[in-house]
Amino acid sequence: TKRTIYKRTLVNTMNELIKDLLENLGISLFYAKLVLGMMFSFALTFFSIPTIVKISRRKNLMDEPGTRSSHLRKIPNLGGIAIFYSLAVCASIFAFELFELYKFLFASLVILLYIGVMDDIVVMRAYKKLLAQIMVTALMVLGSDVRIRSFFGVFGIYELSYTFSVIFSMFTFIVLINAFNLIDGIDGLSGGYSIICSALFGISYFRLGEYNYPLVVLSAVIIGSVIGFLYYNLSHYRNNKVFMGDTGSMILGFLLAFTAICFIDIFIDKQLPEVPRYYLQTAPAVTVAILILPIVDTLNVVMIRLFKGESIFAADKNHIHHSLLDLGLTHRRSSVYILCYYLLVVAVAYFYRHINVNYLLLLVLTLGFIGAYIPRFILYTRNKTN
């Protein structure tokens, strides 16, 4: 429409004026967006959480300790609202190109916000959450065409048919959203891991050319927002502490799945001059390495539940962080140990990124499961000795 054309012309004109002004000052527009996006996202989260905590306590919107909880008192669990708030504002300002390219990205975030808040307050049924996640992933995969188009030779498979690509991409979105939700069990783990993943993807996007700069800015916005959240999540003061809840974990899991699929898609030849020609055959394996913690933790828990004949949707304490807590470690130390180990897995994947993709994928998964079972082995040895 004429109105849309006018708005785009106005935005482009303003961007050119700002760009010229910054260039005259010797400042790159990209770096200005990067720094300001991270700073403002941090500030919005940091200053909005106290209000959310105050309202949560006044209305008793708290996370109640349960049989599988790792905390002993009621804690506000609506920190994800602050994360959404800062992401929605800062990403739409500093990385607005993404919302033009992926039309349903913002709508998907709003749906996840609604479902997450509902679940944090009244606890929704699992099938309702799943239906909402299917809707969100359908919007992204079918509406915005965010898909895994090739396996790069994994199991001898390269280019995927459209139907299989859509189904597998939707499945990947849903698995990663829920997998990230599952690791949100101790202080600092999901927040710290989302920072690491965003930093790794952001650095990769930056190295792959200017075409990917909006994704770099998005990664910076995520990092700034989560750092603001972690200040309160890791607080020793009872009145300041907050959890991100399902709202935060689903939004961050969705965005990490989005950035991961975009990362794989970068190496598909689209015959566009702006797309870098660098081709990484092991892109899927490297992506799995970056997201190895939620993937391995989820696979491990599912296998244990199937082995015991339990429902895969049943809650338990078989997660990696529970094993470390059983060893007597604090939340912070458990998070640090887990993050350091899986950073080592990423380093190994990066070092061997030019070997056969199947070999690298096998190596990454093997190291991932070894890390998951080291705490159990130590606990078993300690109990046997005693």
# chains A, B, ... in the order shown; residues from 1 in each chain; ligands from 1
>>> select_by_dssp(residues="stretch 124-277 of chain A", states="strand (DSSP E or B)", output="JSON, numbers by chain")
{"A": [150, 151, 152, 153, 154, 157, 158, 159]}
>>> residues_around(residues="A:Thr366", least_positions_apart="5", cutoff="10 Å", atoms="only C-alpha atoms", output="tab-separated table (two decimals) with C-alpha atoms, in the first residue's frame")
chain	number	residue	atom	x	y	z
A	296	VAL	CA	21.67	-34.02	25.72
A	345	VAL	CA	32.53	-29.45	23.78
A	360	LEU	CA	31.88	-34.66	14.24
A	361	LEU	CA	28.22	-35.14	15.18
A	371	GLY	CA	29.39	-34.85	30.60
A	372	ALA	CA	25.86	-35.82	31.61
>>> closest_atom_pairs(of="stretch 50-129 of chain A", to="stretch 140-146 of chain A", cutoff="8 Å", atoms="only C-alpha atoms", output="Markdown table")
| residue | atom | partner | partner_atom | distance |
| --- | --- | --- | --- | --- |
| A:Leu101 | CA | A:Ser144 | CA | 7.7 |
| A:Tyr102 | CA | A:Ser144 | CA | 5.0 |
| A:Lys103 | CA | A:Ser144 | CA | 5.9 |
| A:Phe104 | CA | A:Met140 | CA | 6.1 |
| A:Leu105 | CA | A:Met140 | CA | 6.7 |
| A:Ser108 | CA | A:Met140 | CA | 7.5 |
>>> write_last_selection(atoms="all heavy atoms", output="PDB file, in the first residue's frame")
ATOM      1  N   LEU A 101      12.063  -8.941   7.440  1.00  0.00           N
ATOM      2  CA  LEU A 101      12.399 -10.152   6.710  1.00  0.00           C
ATOM      3  C   LEU A 101      11.569 -11.342   7.185  1.00  0.00           C
ATOM      4  O   LEU A 101      11.105 -12.153   6.378  1.00  0.00           O
ATOM      5  CB  LEU A 101      13.893 -10.454   6.876  1.00  0.00           C
ATOM      6  CG  LEU A 101      14.457 -11.643   6.105  1.00  0.00           C
ATOM      7  CD1 LEU A 101      14.264 -11.459   4.601  1.00  0.00           C
ATOM      8  CD2 LEU A 101      15.935 -11.837   6.441  1.00  0.00           C
ATOM      9  N   TYR A 102      11.376 -11.454   8.504  1.00  0.00           N
ATOM     10  CA  TYR A 102      10.598 -12.555   9.090  1.00  0.00           C
ATOM     11  C   TYR A 102       9.318 -11.964   9.675  1.00  0.00           C
ATOM     12  O   TYR A 102       9.281 -11.533  10.831  1.00  0.00           O
ATOM     13  CB  TYR A 102      11.419 -13.282  10.161  1.00  0.00           C
ATOM     14  CG  TYR A 102      12.757 -13.753   9.657  1.00  0.00           C
ATOM     15  CD1 TYR A 102      13.937 -13.097  10.020  1.00  0.00           C
ATOM     16  CD2 TYR A 102      12.855 -14.853   8.804  1.00  0.00           C
ATOM     17  CE1 TYR A 102      15.170 -13.532   9.551  1.00  0.00           C
ATOM     18  CE2 TYR A 102      14.085 -15.290   8.333  1.00  0.00           C
ATOM     19  CZ  TYR A 102      15.235 -14.618   8.712  1.00  0.00           C
ATOM     20  OH  TYR A 102      16.453 -15.048   8.245  1.00  0.00           O
ATOM     21  N   LYS A 103       8.271 -11.945   8.875  1.00  0.00           N
ATOM     22  CA  LYS A 103       7.053 -11.214   9.185  1.00  0.00           C
ATOM     23  C   LYS A 103       6.369 -11.663  10.472  1.00  0.00           C
ATOM     24  O   LYS A 103       5.704 -10.876  11.136  1.00  0.00           O
ATOM     25  CB  LYS A 103       6.059 -11.346   8.019  1.00  0.00           C
ATOM     26  CG  LYS A 103       6.570 -10.842   6.673  1.00  0.00           C
ATOM     27  CD  LYS A 103       6.856  -9.356   6.690  1.00  0.00           C
ATOM     28  CE  LYS A 103       7.261  -8.872   5.301  1.00  0.00           C
ATOM     29  NZ  LYS A 103       7.602  -7.440   5.301  1.00  0.00           N
ATOM     30  N   PHE A 104       6.502 -12.936  10.806  1.00  0.00           N
ATOM     31  CA  PHE A 104       5.746 -13.469  11.943  1.00  0.00           C
ATOM     32  C   PHE A 104       6.613 -13.636  13.191  1.00  0.00           C
ATOM     33  O   PHE A 104       6.187 -14.276  14.153  1.00  0.00           O
ATOM     34  CB  PHE A 104       5.126 -14.819  11.564  1.00  0.00           C
ATOM     35  CG  PHE A 104       4.124 -14.713  10.454  1.00  0.00           C
ATOM     36  CD1 PHE A 104       4.468 -15.028   9.151  1.00  0.00           C
ATOM     37  CD2 PHE A 104       2.837 -14.277  10.712  1.00  0.00           C
ATOM     38  CE1 PHE A 104       3.548 -14.924   8.122  1.00  0.00           C
ATOM     39  CE2 PHE A 104       1.907 -14.167   9.693  1.00  0.00           C
ATOM     40  CZ  PHE A 104       2.263 -14.490   8.392  1.00  0.00           C
ATOM     41  N   LEU A 105       7.799 -13.065  13.196  1.00  0.00           N
ATOM     42  CA  LEU A 105       8.690 -13.202  14.346  1.00  0.00           C
ATOM     43  C   LEU A 105       8.107 -12.534  15.589  1.00  0.00           C
ATOM     44  O   LEU A 105       8.056 -13.138  16.670  1.00  0.00           O
ATOM     45  CB  LEU A 105      10.064 -12.608  14.011  1.00  0.00           C
ATOM     46  CG  LEU A 105      11.119 -12.644  15.129  1.00  0.00           C
ATOM     47  CD1 LEU A 105      11.354 -14.069  15.599  1.00  0.00           C
ATOM     48  CD2 LEU A 105      12.420 -12.013  14.661  1.00  0.00           C
ATOM     49  N   SER A 108       4.999 -14.332  16.932  1.00  0.00           N
ATOM     50  CA  SER A 108       5.369 -15.563  17.634  1.00  0.00           C
ATOM     51  C   SER A 108       5.815 -15.273  19.057  1.00  0.00           C
ATOM     52  O   SER A 108       5.458 -15.993  20.002  1.00  0.00           O
ATOM     53  CB  SER A 108       6.483 -16.281  16.865  1.00  0.00           C
ATOM     54  OG  SER A 108       6.057 -16.631  15.564  1.00  0.00           O
TER      55      SER A 108
END
>>> residues_around(residues="A:Leu113", least_positions_apart="2", cutoff="8 Å", atoms="only C-alpha atoms", output="list in words")
Ile81, Phe84, Leu109, Val110, Ile111, Ile115, Gly116, Val117, Thr247 and Ile251 of chain A
>>> write_last_selection(atoms="N, CA, C and O atoms", output="short mmCIF file (atom, residue, chain, number, x, y, z; two decimals), in the first residue's frame")
data_model
loop_
_atom_site.label_atom_id
_atom_site.label_comp_id
_atom_site.auth_asym_id
_atom_site.auth_seq_id
_atom_site.Cartn_x
_atom_site.Cartn_y
_atom_site.Cartn_z
N ILE A 81 8.78 -11.82 31.78
CA ILE A 81 8.07 -10.67 31.23
C ILE A 81 9.05 -9.54 30.96
O ILE A 81 8.98 -8.87 29.92
N PHE A 84 11.06 -10.40 27.85
CA PHE A 84 10.27 -10.12 26.63
C PHE A 84 10.19 -8.63 26.36
O PHE A 84 10.34 -8.18 25.21
N LEU A 109 6.59 -14.21 19.23
CA LEU A 109 7.04 -13.83 20.57
C LEU A 109 5.87 -13.44 21.47
O LEU A 109 5.83 -13.79 22.65
N VAL A 110 4.89 -12.74 20.90
CA VAL A 110 3.72 -12.32 21.68
C VAL A 110 2.90 -13.54 22.11
O VAL A 110 2.44 -13.62 23.26
N ILE A 111 2.74 -14.51 21.22
CA ILE A 111 2.00 -15.73 21.57
C ILE A 111 2.71 -16.48 22.68
O ILE A 111 2.08 -16.95 23.64
N ILE A 115 1.21 -17.44 26.45
CA ILE A 115 1.17 -18.82 26.94
C ILE A 115 2.07 -18.99 28.17
O ILE A 115 1.71 -19.65 29.14
N GLY A 116 3.24 -18.36 28.13
CA GLY A 116 4.18 -18.47 29.25
C GLY A 116 3.62 -17.86 30.52
O GLY A 116 3.72 -18.46 31.60
N VAL A 117 3.05 -16.66 30.41
CA VAL A 117 2.48 -16.00 31.59
C VAL A 117 1.32 -16.81 32.15
O VAL A 117 1.20 -17.00 33.37
N THR A 247 7.75 -18.34 30.83
CA THR A 247 7.72 -17.21 29.89
C THR A 247 9.11 -16.95 29.33
O THR A 247 9.32 -16.91 28.11
N ILE A 251 10.63 -18.21 25.51
CA ILE A 251 11.03 -17.14 24.58
C ILE A 251 12.50 -17.29 24.21
O ILE A 251 12.87 -17.20 23.03
#
>>> closest_residue(among="A:Ile223, A:Tyr127, A:Ser92, A:Thr172", to="A:Met39", atoms="only C-alpha atoms")
A:Ile223
>>> residues_around(residues="A:Leu230", least_positions_apart="5", cutoff="10 Å", atoms="only C-alpha atoms", output="list in words")
Thr45, Phe46, Gly79, Asp187, Gly188, Leu189, Ser190, Gly191, Gly192, Ser225, Ser235, Lys241, Val242, Phe243 and Met244 of chain A
>>> closest_residue(among="A:Met250, A:Val35, A:Cys262, A:Ala138", to="A:Tyr114", atoms="only C-alpha atoms")
A:Met250
>>> closest_residue(among="A:Val123, A:Ile292, A:Leu324, A:Leu98", to="A:Val336", atoms="only C-alpha atoms")
A:Leu324
>>> atom_distance(atom1="atom CA of A:Arg125", atom2="atom CA of A:Lys74")
21.9 Å
